[in-house]
Every structure is written in structure tokens, then in C-alpha cells.
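Printed here is entry35.pdb (PDB, C-alpha atoms):
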```
ATOM      1  CA  MET A   1      15.243  19.373  19.759
ATOM      2  CA  ASP A   2      13.327  22.652  19.947
ATOM      3  CA  SER A   3       9.785  22.249  18.614
ATOM      4  CA  ARG A   4       7.149  24.929  18.208
ATOM      5  CA  LEU A   5       3.410  25.107  17.791
ATOM      6  CA  LYS A   6       1.517  28.361  17.420
ATOM      7  CA  ILE A   7      -2.203  28.661  16.794
ATOM      8  CA  ILE A   8      -4.458  31.714  16.727
ATOM      9  CA  ALA A   9      -8.211  31.215  16.907
ATOM     10  CA  GLY A  10     -10.168  33.978  15.208
ATOM     11  CA  PHE A  11     -13.882  34.791  15.222
ATOM     12  CA  LYS A  12     -15.831  35.999  12.219
ATOM     13  CA  GLY A  13     -19.403  35.670  10.983
ATOM     14  CA  GLY A  14     -20.517  34.039  14.218
ATOM     15  CA  GLU A  15     -18.022  31.176  14.167
ATOM     16  CA  SER A  16     -14.468  30.398  15.277
ATOM     17  CA  TYR A  17     -11.755  29.539  12.754
ATOM     18  CA  VAL A  18      -7.989  29.026  12.477
ATOM     19  CA  LYS A  19      -6.649  32.498  11.803
ATOM     20  CA  ASP A  20      -2.998  31.496  11.908
ATOM     21  CA  LEU A  21      -1.113  28.245  12.421
ATOM     22  CA  TYR A  22       2.582  27.410  12.557
ATOM     23  CA  VAL A  23       4.186  24.099  13.517
ATOM     24  CA  SER A  24       7.655  22.596  13.351
ATOM     25  CA  LEU A  25       8.597  18.935  13.636
ATOM     26  CA  PRO A  26       7.286  16.739  15.154
ATOM     27  CA  PHE A  27       3.990  18.636  15.445
ATOM     28  CA  ARG A  28       1.006  18.528  13.155
ATOM     29  CA  VAL A  29      -2.447  20.036  13.736
ATOM     30  CA  VAL A  30      -5.627  18.798  12.049
ATOM     31  CA  SER A  31      -9.258  19.849  12.269
ATOM     32  CA  VAL A  32     -11.587  17.381  14.013
ATOM     33  CA  GLY A  33     -14.776  19.413  14.277
ATOM     34  CA  GLN A  34     -16.327  18.749  10.878
ATOM     35  CA  ARG A  35     -19.428  17.175  12.411
ATOM     36  CA  LYS A  36     -19.913  19.846  15.068
ATOM     37  CA  THR A  37     -22.717  22.380  14.643
ATOM     38  CA  ASP A  38     -21.868  24.757  17.499
ATOM     39  CA  LYS A  39     -19.572  27.008  15.397
ATOM     40  CA  LYS A  40     -16.658  26.398  17.795
ATOM     41  CA  LEU A  41     -13.167  25.355  16.749
ATOM     42  CA  TYR A  42     -11.862  21.807  17.329
ATOM     43  CA  GLN A  43      -8.232  20.974  16.584
ATOM     44  CA  MET A  44      -6.120  17.885  17.289
ATOM     45  CA  VAL A  45      -2.392  18.127  18.032
ATOM     46  CA  MET A  46      -0.525  15.199  16.470
ATOM     47  CA  SER A  47       3.134  14.204  16.617
ATOM     48  CA  SER A  48       5.430  12.154  14.380
ATOM     49  CA  SER A  49       7.631  11.428  17.406
ATOM     50  CA  PRO A  50       6.973   8.352  19.599
ATOM     51  CA  GLY A  51       7.251  10.604  22.650
ATOM     52  CA  ILE A  52       9.298  13.291  24.373
ATOM     53  CA  LEU A  53      13.042  12.595  24.288
ATOM     54  CA  ASP A  54      16.010  13.763  26.313
ATOM     55  CA  GLY A  55      16.797  17.396  25.474
ATOM     56  CA  ASP A  56      13.449  18.130  23.825
ATOM     57  CA  HIS A  57      11.971  21.587  24.438
ATOM     58  CA  TYR A  58       8.382  22.111  23.342
ATOM     59  CA  TYR A  59       7.001  25.646  22.926
ATOM     60  CA  LEU A  60       3.206  25.833  22.599
ATOM     61  CA  ASP A  61       1.568  29.210  22.015
ATOM     62  CA  VAL A  62      -2.228  29.498  21.851
ATOM     63  CA  SER A  63      -4.116  32.756  21.290
ATOM     64  CA  LEU A  64      -7.872  33.277  21.216
ATOM     65  CA  GLU A  65      -9.277  36.451  19.739
ATOM     66  CA  LYS A  66     -12.454  38.017  21.119
ATOM     67  CA  GLY A  67     -15.512  35.788  20.722
ATOM     68  CA  SER A  68     -13.643  32.633  19.756
ATOM     69  CA  SER A  69     -13.842  29.156  21.294
ATOM     70  CA  LEU A  70     -11.073  26.579  20.840
ATOM     71  CA  GLN A  71     -10.913  22.992  22.018
ATOM     72  CA  LEU A  72      -7.523  21.299  21.614
ATOM     73  CA  GLN A  73      -7.348  17.521  21.615
ATOM     74  CA  SER A  74      -4.396  15.138  21.802
ATOM     75  CA  GLN A  75      -3.694  12.190  19.545
ATOM     76  CA  SER A  76      -2.575   9.569  22.058
ATOM     77  CA  TYR A  77      -0.793   8.930  25.351
ATOM     78  CA  GLN A  78       2.318  11.100  25.797
ATOM     79  CA  ARG A  79       5.422   9.031  26.545
ATOM     80  CA  LEU A  80       8.419  10.470  28.390
ATOM     81  CA  PHE A  81      11.449   8.408  27.450
ATOM     82  CA  ASN A  82      14.620   7.564  29.418
ATOM     83  CA  MET A  83      16.710  10.715  29.885
ATOM     84  CA  LYS A  84      20.254  11.565  30.955
ATOM     85  CA  ASP A  85      19.309  15.220  31.447
ATOM     86  CA  LYS A  86      15.711  16.502  31.071
ATOM     87  CA  ALA A  87      12.972  17.696  28.727
ATOM     88  CA  LEU A  88      10.853  20.839  28.974
ATOM     89  CA  GLN A  89       7.486  22.080  27.770
ATOM     90  CA  GLU A  90       6.162  25.645  27.857
ATOM     91  CA  LEU A  91       2.500  26.393  27.203
ATOM     92  CA  ASN A  92       1.421  30.017  26.839
ATOM     93  CA  VAL A  93      -2.281  30.762  26.408
ATOM     94  CA  THR A  94      -3.634  34.257  25.777
ATOM     95  CA  MET A  95      -7.419  34.655  25.879
ATOM     96  CA  GLU A  96      -9.180  37.874  24.968
ATOM     97  CA  ASP A  97     -12.672  38.714  26.277
ATOM     98  CA  ASP A  98     -15.619  36.401  25.567
ATOM     99  CA  THR A  99     -13.503  33.328  24.799
ATOM    100  CA  SER A 100     -13.488  29.650  25.755
ATOM    101  CA  PHE A 101     -10.497  27.303  25.747
ATOM    102  CA  ALA A 102     -10.349  23.608  26.612
ATOM    103  CA  TYR A 103      -7.428  21.188  26.624
ATOM    104  CA  VAL A 104      -7.945  17.716  28.097
ATOM    105  CA  PRO A 105      -5.047  15.610  26.780
ATOM    106  CA  HIS A 106      -4.408  11.870  27.051
ATOM    107  CA  PRO A 107      -2.455  10.603  30.082
ATOM    108  CA  ILE A 108       1.322  10.995  30.402
ATOM    109  CA  VAL A 109       3.457   7.837  30.682
ATOM    110  CA  PRO A 110       6.878   8.500  32.269
ATOM    111  CA  HIS A 111       9.455   5.819  31.454
ATOM    112  CA  GLU A 112      12.277   4.871  33.799
ATOM    113  CA  ASP A 113      14.725   7.739  34.494
ATOM    114  CA  SER A 114      12.595  10.343  32.696
ATOM    115  CA  ASN A 115      12.890  13.951  33.887
ATOM    116  CA  PHE A 116      10.233  16.362  32.638
ATOM    117  CA  LYS A 117       9.012  19.826  33.554
ATOM    118  CA  SER A 118       5.964  21.523  32.084
ATOM    119  CA  LYS A 119       5.046  25.162  32.721
ATOM    120  CA  ALA A 120       1.738  26.724  31.681
ATOM    121  CA  ASN A 121       1.081  30.472  31.723
ATOM    122  CA  ILE A 122      -2.534  31.364  30.999
ATOM    123  CA  HIS A 123      -4.004  34.869  30.735
ATOM    124  CA  ILE A 124      -7.794  34.828  30.672
ATOM    125  CA  GLY A 125     -10.014  37.719  29.603
ATOM    126  CA  ASN A 126     -13.384  38.885  30.893
ATOM    127  CA  ASP A 127     -16.523  36.805  30.315
ATOM    128  CA  SER A 128     -14.346  33.804  29.475
ATOM    129  CA  GLN A 129     -13.651  30.276  30.693
ATOM    130  CA  ILE A 130     -10.891  27.664  30.624
ATOM    131  CA  ILE A 131     -10.892  23.888  31.088
ATOM    132  CA  ILE A 132      -7.457  22.268  31.345
ATOM    133  CA  SER A 133      -6.252  18.962  32.745
ATOM    134  CA  GLU A 134      -3.437  16.462  33.086
ATOM    135  CA  ILE A 135      -3.206  12.789  34.037
ATOM    136  CA  ILE A 136       0.082  11.304  35.204
ATOM    137  CA  THR A 137       0.471   7.510  35.241
ATOM    138  CA  CYS A 138       2.982   5.385  37.151
ATOM    139  CA  GLY A 139       4.778   4.433  33.926
ATOM    140  CA  ARG A 140       4.905   1.132  32.060
ATOM    141  CA  LYS A 141       3.400  -0.989  34.817
ATOM    142  CA  HIS A 142       3.524  -4.220  32.803
ATOM    143  CA  TYR A 143       7.291  -3.724  32.370
ATOM    144  CA  GLY A 144       7.748  -3.333  36.104
ATOM    145  CA  GLU A 145       8.279   0.433  35.811
ATOM    146  CA  VAL A 146       6.120   1.710  38.642
ATOM    147  CA  PHE A 147       7.200   5.279  39.420
ATOM    148  CA  LYS A 148      10.799   4.737  38.327
ATOM    149  CA  LEU A 149      10.959   8.220  36.822
ATOM    150  CA  LYS A 150      13.529  10.713  38.085
ATOM    151  CA  ARG A 151      11.250  13.709  38.304
ATOM    152  CA  PHE A 152       7.993  15.092  36.942
ATOM    153  CA  GLN A 153       6.646  18.595  37.431
ATOM    154  CA  ASN A 154       3.662  20.414  36.014
ATOM    155  CA  LEU A 155       3.324  24.042  37.104
ATOM    156  CA  MET A 156       0.203  25.897  36.005
ATOM    157  CA  GLU A 157      -0.610  29.571  36.573
ATOM    158  CA  ILE A 158      -3.771  31.379  35.478
ATOM    159  CA  TYR A 159      -3.912  35.179  35.464
ATOM    160  CA  HIS A 160      -6.865  37.545  35.141
ATOM    161  CA  ASN A 161      -6.173  41.261  34.686
ATOM    162  CA  ASN A 162      -2.504  40.438  35.410
ATOM    163  CA  ARG A 163      -3.454  39.038  38.824
ATOM    164  CA  LEU A 164      -2.591  35.447  39.683
ATOM    165  CA  VAL A 165      -5.905  33.687  40.376
ATOM    166  CA  VAL A 166      -4.950  30.000  40.138
ATOM    167  CA  LYS A 167      -1.646  28.236  40.802
ATOM    168  CA  ASP A 168      -1.260  24.468  40.733
ATOM    169  CA  ASN A 169       2.069  22.678  41.120
ATOM    170  CA  VAL A 170       2.293  18.884  40.803
ATOM    171  CA  VAL A 171       5.715  17.412  41.601
ATOM    172  CA  ILE A 172       6.586  13.708  41.616
ATOM    173  CA  GLU A 173      10.140  12.834  42.658
ATOM    174  CA  PRO A 174      10.153   9.307  44.100
ATOM    175  CA  GLU A 175      13.709   9.456  45.463
ATOM    176  CA  LEU A 176      12.858  12.458  47.654
ATOM    177  CA  ILE A 177       9.145  11.965  48.287
ATOM    178  CA  PRO A 178       7.908   8.356  48.693
ATOM    179  CA  ILE A 179       5.027   8.230  46.257
ATOM    180  CA  SER A 180       3.056   5.593  48.210
ATOM    181  CA  SER A 181       3.288   7.373  51.558
ATOM    182  CA  ILE A 182       0.326   8.845  53.430
ATOM    183  CA  GLY A 183      -0.661  12.167  51.920
ATOM    184  CA  ASN A 184       0.679  11.234  48.479
ATOM    185  CA  LEU A 185      -0.786   8.639  46.112
ATOM    186  CA  GLU A 186      -0.738   5.886  48.767
ATOM    187  CA  GLN A 187      -1.990   2.720  47.017
ATOM    188  CA  TYR A 188      -2.921   4.428  43.723
ATOM    189  CA  THR A 189      -0.902   4.508  40.494
ATOM    190  CA  HIS A 190      -2.622   7.318  38.548
ATOM    191  CA  GLN A 191      -3.334  10.933  39.452
ATOM    192  CA  GLY A 192      -5.451  13.401  37.521
ATOM    193  CA  THR A 193      -6.114  17.125  37.853
ATOM    194  CA  LEU A 194      -8.732  19.143  35.971
ATOM    195  CA  ILE A 195      -9.026  22.894  36.496
ATOM    196  CA  PHE A 196     -12.046  24.966  35.543
ATOM    197  CA  TYR A 197     -11.972  28.736  35.863
ATOM    198  CA  SER A 198     -14.506  31.253  34.599
ATOM    199  CA  THR A 199     -14.779  35.036  34.604
ATOM    200  CA  LYS A 200     -18.445  34.892  33.619
ATOM    201  CA  ASP A 201     -21.108  36.150  36.011
ATOM    202  CA  ASN A 202     -23.779  33.515  35.370
ATOM    203  CA  VAL A 203     -21.850  30.374  36.347
ATOM    204  CA  ASP A 204     -23.668  28.036  38.740
ATOM    205  CA  LYS A 205     -20.479  26.792  40.379
ATOM    206  CA  ASN A 206     -22.187  24.763  43.094
ATOM    207  CA  GLY A 207     -24.570  23.139  40.641
ATOM    208  CA  LEU A 208     -21.697  22.130  38.362
ATOM    209  CA  ILE A 209     -19.764  20.649  41.280
ATOM    210  CA  GLU A 210     -22.798  18.604  42.317
ATOM    211  CA  GLU A 211     -23.186  17.290  38.755
ATOM    212  CA  ILE A 212     -19.517  16.261  38.613
ATOM    213  CA  VAL A 213     -19.651  14.577  42.021
ATOM    214  CA  GLU A 214     -22.727  12.628  40.917
ATOM    215  CA  ALA A 215     -20.921  11.531  37.743
ATOM    216  CA  ALA A 216     -17.885  10.454  39.777
ATOM    217  CA  ALA A 217     -20.085   8.371  42.086
ATOM    218  CA  GLN A 218     -20.710   5.984  39.194
ATOM    219  CA  HIS A 219     -17.018   5.016  39.304
ATOM    220  CA  ILE A 220     -16.546   4.959  43.071
ATOM    221  CA  GLU A 221     -15.150   1.406  43.048
ATOM    222  CA  GLU A 222     -12.464   2.190  40.438
ATOM    223  CA  MET A 223     -11.551   5.782  41.221
ATOM    224  CA  GLU A 224     -11.604   8.363  44.005
ATOM    225  CA  VAL A 225     -12.607  11.895  42.997
ATOM    226  CA  GLY A 226     -12.713  15.121  44.973
ATOM    227  CA  VAL A 227     -13.717  18.635  43.925
ATOM    228  CA  SER A 228     -12.359  21.778  45.587
ATOM    229  CA  ALA A 229     -14.273  25.016  45.017
ATOM    230  CA  MET A 230     -12.411  28.277  44.521
ATOM    231  CA  GLU A 231     -13.482  31.602  45.961
ATOM    232  CA  ASP A 232     -14.122  32.791  42.399
ATOM    233  CA  ASN A 233     -16.074  30.972  39.679
ATOM    234  CA  GLY A 234     -13.857  27.928  39.463
ATOM    235  CA  PHE A 235     -12.915  24.583  40.966
ATOM    236  CA  VAL A 236     -10.288  21.845  40.824
ATOM    237  CA  VAL A 237     -11.135  18.191  40.219
ATOM    238  CA  ARG A 238      -8.628  15.665  41.629
ATOM    239  CA  ALA A 239      -8.794  11.984  40.758
ATOM    240  CA  LEU A 240      -6.879   8.932  41.972
ATOM    241  CA  GLY A 241      -7.095   5.501  40.413
ATOM    242  CA  HIS A 242      -5.358   2.528  38.854
ATOM    243  CA  GLY A 243      -6.027   3.121  35.165
ATOM    244  CA  GLY A 244      -5.549   5.992  32.748
ATOM    245  CA  GLU A 245      -8.356   5.220  30.313
ATOM    246  CA  LEU A 246     -11.161   5.395  32.870
ATOM    247  CA  MET A 247      -9.813   8.644  34.301
ATOM    248  CA  TYR A 248      -9.338  10.150  30.847
ATOM    249  CA  ASN A 249     -12.889   9.281  29.792
ATOM    250  CA  PHE A 250     -14.211  10.764  33.039
ATOM    251  CA  PHE A 251     -12.340  14.018  32.367
ATOM    252  CA  LEU A 252     -13.757  14.068  28.837
ATOM    253  CA  HIS A 253     -17.233  13.788  30.373
ATOM    254  CA  VAL A 254     -16.491  16.696  32.727
ATOM    255  CA  GLN A 255     -15.203  18.699  29.766
ATOM    256  CA  GLU A 256     -18.440  18.012  27.892
ATOM    257  CA  ILE A 257     -20.476  19.343  30.829
ATOM    258  CA  LEU A 258     -18.414  22.530  31.085
ATOM    259  CA  TRP A 259     -17.845  23.137  27.374
ATOM    260  CA  SER A 260     -21.549  23.569  26.691
ATOM    261  CA  LEU A 261     -21.857  26.487  29.129
ATOM    262  CA  GLU A 262     -22.870  29.768  27.534
TER     263      GLU A 262
END
```

Reformat the file's structure so that it appears as C-alpha cells.
Amino acid sequence: MDSRLKIIAGFKGGESYVKDLYVSLPFRVVSVGQRKTDKKLYQMVMSSSPGILDGDHYYLDVSLEKGSSLQLQSQSYQRLFNMKDKALQELNVTMEDDTSFAYVPHPIVPHEDSNFKSKANIHIGNDSQIIISEIITCGRKHYGEVFKLKRFQNLMEIYHNNRLVVKDNVVIEPELIPISSIGNLEQYTHQGTLIFYSTKDNVDKNGLIEEIVEAAAQHIEEMEVGVSAMEDNGFVVRALGHGGELMYNFFLHVQEILWSLE
């Protein structure tokens, strides 16, 4: 089934708002920022489907007009069901100047024989920032489904002034690449990636990295975390662990640190 979500964040009178919104089944979008006082826009993407099914093709289009800030949230874990063929997701994000976008969704749970590819194309403007993440689990561990998926891929590209500045490609294909081998996940069952990129001039990249490393040190027995700095104002946070909830809450904490930047 082809499913579409399109949201445009506008900016007027000093605050961000939903300028336009279109969804088709199974999507639904609701506002979750009623108690916020920062004038930014908070929206939750919900779904009437139990998960992504064989043949599904999700199209997500997000646009931020100049001055706006949008934080998208997910409703729950995203399940990838058993598939004979595959399912696809395309995320296109267009950010004008002086914008902020964040999307830190719940972990993905690939069931046995699932085959899923996600592609994100992000165009960021000047004086702007993006926070985006993903967490991939081993599957339904309590059902004995530990990395029994066919294939998972998440390809993310971020462009600034039509120049590719960030490219991240996560591929898990257990039949071709032993997932527990050295250089892969080894003994871990969950992998997380959070990317932060900014075109602002006043970002204290090194200070932010130190703060995140200090926060990760509190979970050193449950999770391994590394941060790789980019040449520009950005970095990538990688996490390995055995549980999705701890990793997800840690990413939410990192998002909170970065989201408050002016």
C-alpha cells in the first residue's frame, strides 16, 4: 500500500505552526506541544497499522519555512513484518534558512524474513540544524528471532547548498554479513545512530560532544557509546547495547541537549 504524509511548518508572529498537513492511511498526525512555552512546533506521527507490511511504500515529506522549528515524534516501536518481497520508506526534508528539525523515533523491530529499505534526503538551509536518529533491534528476541531478518538498510544523505555534507548507510544482511562478527555488532543486539548537523556559526561542537560523552558514561555497563566529530559543525553518535528502551531514552536526552540550542 502506498501511504503519504506531508507536513509544512510555517512561522508567524514569533512562533511555529502547522501551515499545511496531508495524510493518507494509516497515518495520523497530532499536536503534542500544548504544554511547551518555547513557541516551537511538536507533532506526533501515529499509525492505525500494527507495522510495515510486505509491499508497503511510505512517502514522508517535511518542509520547514524560514524561522520555523519542528520536532516530530513517533507513537511506538515500528514493526517490520514477515515479507515475501520488500517494503520501502522515503523521507524528504526541505529546510529553509533559520530552521530546526528533530526526529528521534522509537526503535525498529524487524520480524523474521522482513526486508526493508529507508532512504532520507535532507536539504538544510543556512543558520539551521538537524537532529535525526534510528535504532535497529535484533527482532523479537523472546520469540527466538535474533537477526532473522532478510535485509535492512537505512541510507541518509544531508545536503547544504546542494553539496553532500553527510552520508550514512546502515546495512544489515545476516546471510551475507555475519552480524556477530568482529567489526559488526559482535555480542550486541541493538544498534543506534544519531546525527547532528548545524550550519550555525556559534555551535560549540567540542563542548556538546563532551556533554554527551559524560551522559553516556552513566550507562557504561549497559551500553557502549562513541561520538565521531565531523569537519563541519556536526557529529555522529553511535550506540551498541542489549535493549531498545535504554538507548531510546538516551537519544531523547541527547535530543533535549541539542534542541535547546539557539

Checklist entry - For Val236 (chain A), which residue out of A:His219, A:Ile212, A:Thr193, A:Leu252 is the nearest one, using only C-alpha atoms? => result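 Among the listed residues, A:Thr193 lies closest to Val236 (chain A).
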
Next on the checklist: Starting from the PyMOL selection byres ((chain A and resi 150) around 8), expand the selection into actual residues of this file and give them as a PyMOL selection string.
Outcome noted: chain A and resi 112-115+148-149+151-152+173-175

Next on the checklist: To test your reading of the syntax: which residues would the PyMOL selection byres ((chain A and resi 164-169) around 12) return for the file shown? Reply as a PyMOL selection string.
Outcome noted: chain A and resi 117-124+130+132-134+152-163+170-172+193-199+229-238

Checklist entry - What do you get, as JSON, numbers by chain, if you spell out every residue that the PyMOL selection byres ((chain A and resi 201) around 10) selects here? => result {"A": [126, 127, 128, 198, 199, 200, 202, 203, 204, 233]}

Item to check | All residues 8 Å or closer to Met247 (chain A), all atoms listed in the file, same chain fewer than 5 positions away omitted, as JSON, numbers by chain | outcome: {"A": [135, 192, 223, 239, 241]}

Checklist entry - Which one of A:Ser3, A:Thr94, A:Ser100, A:Asn82 sits closest to Glu145 (chain A) if you count all atoms listed in the file? => result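 Under the stated criterion, the closest residue is A:Asn82.
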
Which residues, written as a PDB file with C-alpha atoms, in the frame of the given file, have at least one atom at most 9 Å from region 32-34 of chain A, with only C-alpha atoms counted and residues fewer than 3 positions away on the same chain left out?
```
ATOM      1  CA  THR A  37     -22.717  22.380  14.643  1.00  0.00           C
ATOM      2  CA  LYS A  40     -16.658  26.398  17.795  1.00  0.00           C
ATOM      3  CA  LEU A  41     -13.167  25.355  16.749  1.00  0.00           C
ATOM      4  CA  TYR A  42     -11.862  21.807  17.329  1.00  0.00           C
ATOM      5  CA  GLN A  43      -8.232  20.974  16.584  1.00  0.00           C
ATOM      6  CA  MET A  44      -6.120  17.885  17.289  1.00  0.00           C
ATOM      7  CA  GLN A  73      -7.348  17.521  21.615  1.00  0.00           C
TER       8      GLN A  73
END
```

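Atom to atom, CA of Pro105 (chain A) and CA of Arg140 (chain A) stand 18.3 Å apart.
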
Next on the checklist: Env of Thr189 (chain A): 8 Å cut, atoms = only C-alpha atoms, seq-sep filter 6 positions within chain, self excluded. Answer as a list of chain:residue names.
Outcome noted: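 Once the adjacent positions are removed, what remains is A:Thr137, A:Cys138, A:Val146, A:Leu240, A:Gly241, A:His242, A:Gly243.
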
Write out, as a CSV table (one decimal), keeping the file's coordinate frame, the residues just selected, with C-alpha atoms.
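Resulting contents of again16.csv:
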```csv
chain,number,residue,atom,x,y,z
A,137,THR,CA,0.5,7.5,35.2
A,138,CYS,CA,3.0,5.4,37.2
A,146,VAL,CA,6.1,1.7,38.6
A,240,LEU,CA,-6.9,8.9,42.0
A,241,GLY,CA,-7.1,5.5,40.4
A,242,HIS,CA,-5.4,2.5,38.9
A,243,GLY,CA,-6.0,3.1,35.2
```

Next on the checklist: To one decimal place in Å, what is the distance between CA of His253 (chain A) and CA of Glu211 (chain A)?
Outcome noted: 10.9 Å

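Rounded to one decimal, CA of Ile177 (chain A) and CA of Asn249 (chain A) lie 28.9 Å from each other.
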
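Of the residues under consideration (A:Val213, A:Leu70, A:Leu185, A:Leu88), A:Leu70 shows the shortest atom-to-atom contact distance to Asp38 (chain A) when counting all atoms listed in the file.
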
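When all atoms listed in the file are used to compute distances to Gln71 (chain A), the closest of the residues A:Phe250, A:Trp259, A:Tyr17, A:Phe101 turns out to be A:Phe101.
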
Item to check | Spatial neighbours of Leu60 (chain A), max dist 9 Å, all atoms listed in the file, sep filter under 3 positions, as a PyMOL selection string | outcome: chain A and resi 3-7+89-93

Checklist entry - Nearest to Gln129 (chain A) among A:Val109, A:Met95, A:Val62, A:Ala216, with distances taken over all atoms listed in the file: which residue is it? => result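 The answer is A:Met95, which sits nearest to Gln129 (chain A).
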
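Here the question is which of A:Leu261, A:Gln191, A:Phe147, A:Gly51 gets nearest to Ile179 (chain A) using only C-alpha atoms, and that residue is A:Phe147.
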